[in-house]
Amino acid sequence: MFLKLTKHLFTIFLICLVLVISLELGLRFIDPPSLSYYRNIKLLHRFHPDYYVTLGKNIDINIKHYAGLWEGRFTTNSLGFRGSREPDPNTRKIACLGDSLVMGFGVSDQDTFCNLLDGVTIDGEIFQTQNLAVDAYGSLGSAKRLEESLTKVKFDTVLFFVSPNDFTVPPGLVEQGVQADDIVEKARENDEGYRRKFQIQFELTRHSYLLQASKLALEQLSIKRHLANKEAIQEWEEAKEPLQYISSSFYTFPEKNNCNVSSIDLKPICPEAMPSHIQCEIATPKANDLEPLPEETIYAYNKMLKASKKYGFQLVIVYIPMQNEDIFCNQRNQHSSLYNYVIRSKEFFTKQGIPSIELLEDSRTICPLSDYFIPGDGHLTQKGNLWVKDSLVPKLQKLRGSRAF
Amino acid sequence: MLFNSIHFYIFAAIVIFAYFYLPKKSQKVWLLIASLYFYAIFKVPFILLLLVSIVITYYFTKLLVKTENTFLKKIYLASSILGNLSILYFFKYIDFSFVAWNTLLGLDVCDPGYIQKWGIILPMGISFFTLQAISYTVDVHRKIIPIHKSLSEFALFISFFPQLVAGPILRAKDILPQFEGFKEFHSENFYLGMRQLSWGFFKKTILADPVANVVDIIYGNPGQYDWTMMWFAAFLHAIQLYCDFSGYSDIAIGLGRILGFHIPKNFNRPFFAINLSDLWARWHISLSSWLRDYVYISLGGNRVNPARGYFNVFITFFLSGLWHGADWAVLAWGTFHSVLIVIERYLFSFKKIKNFMESIPQYFIWIYPFFIFTFALFFFRAKPVQGMTGMEVALFMIERAFSFSDGLTLNLTIPIWILLAVLFIVDLFQEKKEDFFEKFHSHRIYSWLLCGFVLGICFLIYSVSISQPFVYFQF
């Protein structure tokens with residue numbers, strides 16, 4: 001009896017083992033488009049004992065967005081910076097520091113604005129750029145990566161691109177317990193337990209496609225369950241007005257054709273019509289009226305300032321308007337409260353004597369927005385990257401002219 | 001509810017498990033509730049439409065049987081048929097009628113008489129369950145089947161969830177008798193059902209969806225790609241449609257089998273057809289046979305003079321085209337097939353031509369219907385892009401396909417090519433009357449492993465991504 005049971009258990013174990021191995025091999029062979037994006041992103045990254053995630057060295061990988069929104073070739077040099085170009089010891093250098101937008105998600109190496117800035121002439125001097133940005137970094141991740149990179153390469157200028165996610169969370173997500181990147185990074189800085197668990201999880205999912213897909217599946221299922229609940233509640237609310245609910249289920253209510261509008265009028269009008277959910281304010285608030293920066297963010301900023309003094313580079317803070325609200329409101333000479341993060345951050349750096357560049361005014365010409373930012377993704381398109389580069393160069397030259405750096 | 005979703009995985013597991021544990025009387029009620037829930041997931045009010053179709057068909061058919069008056073019989077028959085056709089027309093064709101009206105009369109937006117679209121939403125599966133309902137009334141009228149007394153069983157016949165939204169279109173004589181009696185769990189049914197269901201998931205998720213990605217890119221911007229890519233897109237679209245639709249049918253049949261029902265097959269390896277008529281006899285069999293039984297035969301079939309016979313063929317295939325979509329390009333696709341099938345029948349009526357065709361090796365003869373089918377897909381798939389109508393896109397692609405123009409190229413990944421080759425080999429085996437799957441029959445462990453493999457991969461994909469709807473949902 002015992003032998004029979006053991007035999008059965010062994011057979012079941014063997015079947016499960018074969019199934020797991022075949023799933024691992026099958027996933028590697030088929031590489032389904034919906035999983036391939038996450039897989040390639042994972043393969044691009046490596047665990048870093050100090051700041052958790054960094055880019056692998058000498059990587060060459062093609063990443064296609066899971067919904068087909070963009071595709072790009074991602075290479076890294078021997079230092080793990082995006083782009084295959086190695087630092088040239090005989091040329092002055094600019095470092096680009098930030099998150100996925102700066103790293104150049106959405107486009108291939110050659111089209112990132114950091115790469116487009118390469119070879120820029122400022123005040124008669126040619127600069128080489130190196131892209132230090134890594135996706136999902138907050139200010140602390142950026143500061144630590146900068147500190148480490150400075151031990152290997154000498155930079156003359158570091159452009160730090162501040163992201164709203166660094167220390168603010170969009171309304172609606174706060175209730176779901178989402179925290180700003182800086183808060184999360186600081187909390188994890190000295191958490192040895194978390195670091196060890198993260199390393200094990202990261203390495204296992206990097207080596208096993210099946211484990212990575214299973215982890216993703218678990219995460220996504222929880223999101224899907226949350227969304228399904230939300231949809232069910234919404235449907236229930238709609239059903240409280242039965243006639244409206246039924247008619248909207250069967251009709252789309254197309255807009256009436258307007259005979260007075262000629263075909264020329266139907267062309268996109270710039271600036272674009274502002275989506276109804278966007279709220280603008282007439283007056284731009286003063287820094288003193290806003291909440292001070294979180295101490296976690298100040299901690300990270302101070303790290304950068306210290307590094308700047310220690311290694312003798314010029315830190316320049318850049319603010320790219322990366323939220324639709326910022327651009328739409330500014331195009332109407334109004335202000336979006338979501339842009340307050342810039343006021344708060346700029347106030348800090350100005351007090352420290354650090355120059356900053358804002359590209360908000362340059363975004364007045366952006367139209368349509370979808371040409372510059374990938375719809376449904378938010379990263380810069382090829383044109384968007386070119387716009388950032390074109391907007392940035394004269395401002396850098398002006399700063400240099402004014403001896404700000 | 002989409003088959004290719006996590007929601008369906010959970011739903012199917014619960015429905016199957018509970019189904020075999022319920023007492024006899026509750027089994028059908030359980031299936032009816034499950035079917036209505038399955039449909040309500042798309043949009044709850046869609047159920048109203050389904051119920052209207054069920055009630056109209058059930059009661060008019062009941063009245064039809066009760067009366068002895070021939071005139072009244074005809075009235076009830078017409079009421080049931082027109083009731084269902086009205087639902088179909090209103091939700092599927094009314095907006096296209098306005099477009100056709102405006103186009104045919106050359107009316108511009110501001111001209112008097114111009115009719116604007118109403119913006120009707122096409123509810124899922126409407127083209128399937130209305131035809132199913134019509135077939136019931138006609139079959140009762142023709143005394144092929146007796147009237148079915150139980151409203152709940154009839155409602156289950158119309159709303160049976162495995163085939164509700166994309167077929168196969170069931171016939172009452174095939175399925176209603178199966179509702180009688182208690183269904184016990186049979187491991188053989190479970191095994192065969194799971195095997196077919198997994199095969200369907202493989203075709204849809206592992207083959208059709210990645211192929212669709214390439215097709216969508218080329219059709220989305222045809223001007224960017226070189227002339228070979230036009231043919232490549234049409235070829236891949238044929239593969240995608242086959243994998244997508246036959247995949248859905250396999251899942252439906254497999255699911256039915258697990259529950260103890262035998263749903264007739266809907267595809268018979270159409271790309272191994274020897275001519276165009278044969279291809280359509282193998283593609284979406286339940287629709288072809290429906291049109292044959294309720295349109296072609298009603299028009300007189302082939303028991304009429306040759307000219308009328310060709311007209312009947314033309315009308316039948318034209319209606320098949322119309323069923324596939326309310327759009328000029330799809331209408332052109334249907335007309336193209338109708339004309340070619342009429343020409344083919346005419347030519348094949350000459351013995352010399354027929355003999356010549358039969359003398360060609362089978363492997364070569366497969367190319368002809370596949371090529372015609374593929375070419376016609378330029379019309380079938382073309383959607384409006386960049387200010388061009390679907391018809392303009394189709395004509396642009398055809399012009400480009402023949403103009404040897406330059407442009408970008410695209411390809412599938414090597415694994416997908418290899419898996420398509422696997423599909424081809426399996427179909428070829430079966431075409432040669434060798435059941436590929438039977439080879440695994442004595443070693444079921446391999447079959448179960450393959451099922452586990454496919455369902456496991458699909459589970460991971462569905463968890464992470466947004467499910468791609470089946471192509472035939474739009475019909």
# chains A, B, ... in the order shown; residues from 1 in each chain; ligands from 1
>>> closest_atom_pairs(of="chain A", to="chain B", cutoff="7 Å", atoms="only C-alpha atoms", output="JSON lines")
{"residue": "A:Leu19", "atom": "CA", "partner": "B:Leu449", "partner_atom": "CA", "distance": 6.4}
{"residue": "A:Ser22", "atom": "CA", "partner": "B:Phe453", "partner_atom": "CA", "distance": 7.0}
{"residue": "A:Leu23", "atom": "CA", "partner": "B:Phe453", "partner_atom": "CA", "distance": 6.0}
{"residue": "A:Phe29", "atom": "CA", "partner": "B:Pro415", "partner_atom": "CA", "distance": 6.3}
{"residue": "A:Ile30", "atom": "CA", "partner": "B:Pro415", "partner_atom": "CA", "distance": 5.7}
{"residue": "A:Pro33", "atom": "CA", "partner": "B:Pro210", "partner_atom": "CA", "distance": 6.8}
{"residue": "A:Ser34", "atom": "CA", "partner": "B:Ser465", "partner_atom": "CA", "distance": 5.9}
{"residue": "A:Leu35", "atom": "CA", "partner": "B:Ile461", "partner_atom": "CA", "distance": 6.8}
{"residue": "A:Ala213", "atom": "CA", "partner": "B:Leu460", "partner_atom": "CA", "distance": 6.3}
{"residue": "A:Ser214", "atom": "CA", "partner": "B:Leu460", "partner_atom": "CA", "distance": 6.6}
{"residue": "A:Leu216", "atom": "CA", "partner": "B:Val464", "partner_atom": "CA", "distance": 6.5}
{"residue": "A:Ala217", "atom": "CA", "partner": "B:Ser463", "partner_atom": "CA", "distance": 4.9}
{"residue": "A:Gln220", "atom": "CA", "partner": "B:Val464", "partner_atom": "CA", "distance": 5.7}
{"residue": "A:Leu221", "atom": "CA", "partner": "B:Ser463", "partner_atom": "CA", "distance": 5.8}
{"residue": "A:Ile246", "atom": "CA", "partner": "B:Pro45", "partner_atom": "CA", "distance": 5.9}
{"residue": "A:Ser249", "atom": "CA", "partner": "B:Pro45", "partner_atom": "CA", "distance": 6.7}
{"residue": "A:Phe250", "atom": "CA", "partner": "B:Ile121", "partner_atom": "CA", "distance": 4.9}
{"residue": "A:Tyr251", "atom": "CA", "partner": "B:Ile120", "partner_atom": "CA", "distance": 4.6}
{"residue": "A:Thr252", "atom": "CA", "partner": "B:Gly119", "partner_atom": "CA", "distance": 5.0}
{"residue": "A:Phe253", "atom": "CA", "partner": "B:Gly119", "partner_atom": "CA", "distance": 5.7}
{"residue": "A:Pro254", "atom": "CA", "partner": "B:Gly119", "partner_atom": "CA", "distance": 5.6}
{"residue": "A:Asn257", "atom": "CA", "partner": "B:Val109", "partner_atom": "CA", "distance": 6.9}
{"residue": "A:Cys259", "atom": "CA", "partner": "B:Cys110", "partner_atom": "CA", "distance": 5.3}
>>> atom_distance(atom1="CA of His335 (chain A)", atom2="CA of Thr365 (chain A)")
16.6 Å
>>> residues_around(residues="His148 (chain B)", least_positions_apart="6", cutoff="12 Å", atoms="only C-alpha atoms", output="list in words")
Thr57, Tyr58, Tyr59, Thr61, Lys62, Val65, Tyr136, Thr137, Asp139, Val140, Phe154, Ala155, Leu156, Phe157, Ala172, Lys173, Ile175, Leu176, Pro177, Phe179 and Glu180 of chain B
>>> residues_around(residues="Met274 (chain A)", least_positions_apart="4", cutoff="12 Å", atoms="only C-alpha atoms", output="PyMOL selection string")
chain A and resi 269-270+278-280+324-332+367-369
>>> write_last_selection(atoms="C-alpha atoms", output="CSV table (one decimal), in the first residue's frame")
chain,number,residue,atom,x,y,z
A,269,ILE,CA,-7.0,73.0,-34.4
A,270,CYS,CA,-4.1,74.0,-32.3
A,278,ILE,CA,-8.5,68.5,-16.8
A,279,GLN,CA,-8.9,71.3,-14.3
A,280,CYS,CA,-6.7,74.4,-14.5
A,324,ASN,CA,-0.9,66.5,-20.3
A,325,GLU,CA,-2.4,68.8,-17.7
A,326,ASP,CA,0.8,70.8,-17.5
A,327,ILE,CA,0.8,71.5,-21.2
A,328,PHE,CA,-2.9,72.0,-21.8
A,329,CYS,CA,-3.2,74.5,-18.9
A,330,ASN,CA,-0.1,76.4,-19.9
A,331,GLN,CA,-1.3,76.7,-23.5
A,332,ARG,CA,-4.3,78.5,-22.1
A,367,CYS,CA,0.3,70.0,-31.2
A,368,PRO,CA,-1.0,67.4,-31.5
A,369,LEU,CA,0.2,66.0,-28.2
>>> residues_around(residues="Phe232 (chain B)", least_positions_apart="4", cutoff="12 Å", atoms="only C-alpha atoms", output="number ranges by chain")
B: 211, 214-219, 222, 225-228, 236-240, 371, 374-375, 377-378, 397, 401, 409-412
>>> atom_distance(atom1="CA of Arg28 (chain A)", atom2="CA of Tyr209 (chain A)")
6.8 Å
>>> select_by_dssp(residues="region 31-163 of chain A", states="strand (DSSP E or B)", output="MDAnalysis selection string")
chainID A and resid 45:48 52:55 60:64 71:76 82 92:97 121:122 125:131 157:161
>>> atom_distance(atom1="CA of Ser36 (chain A)", atom2="CA of Lys64 (chain A)")
7.6 Å
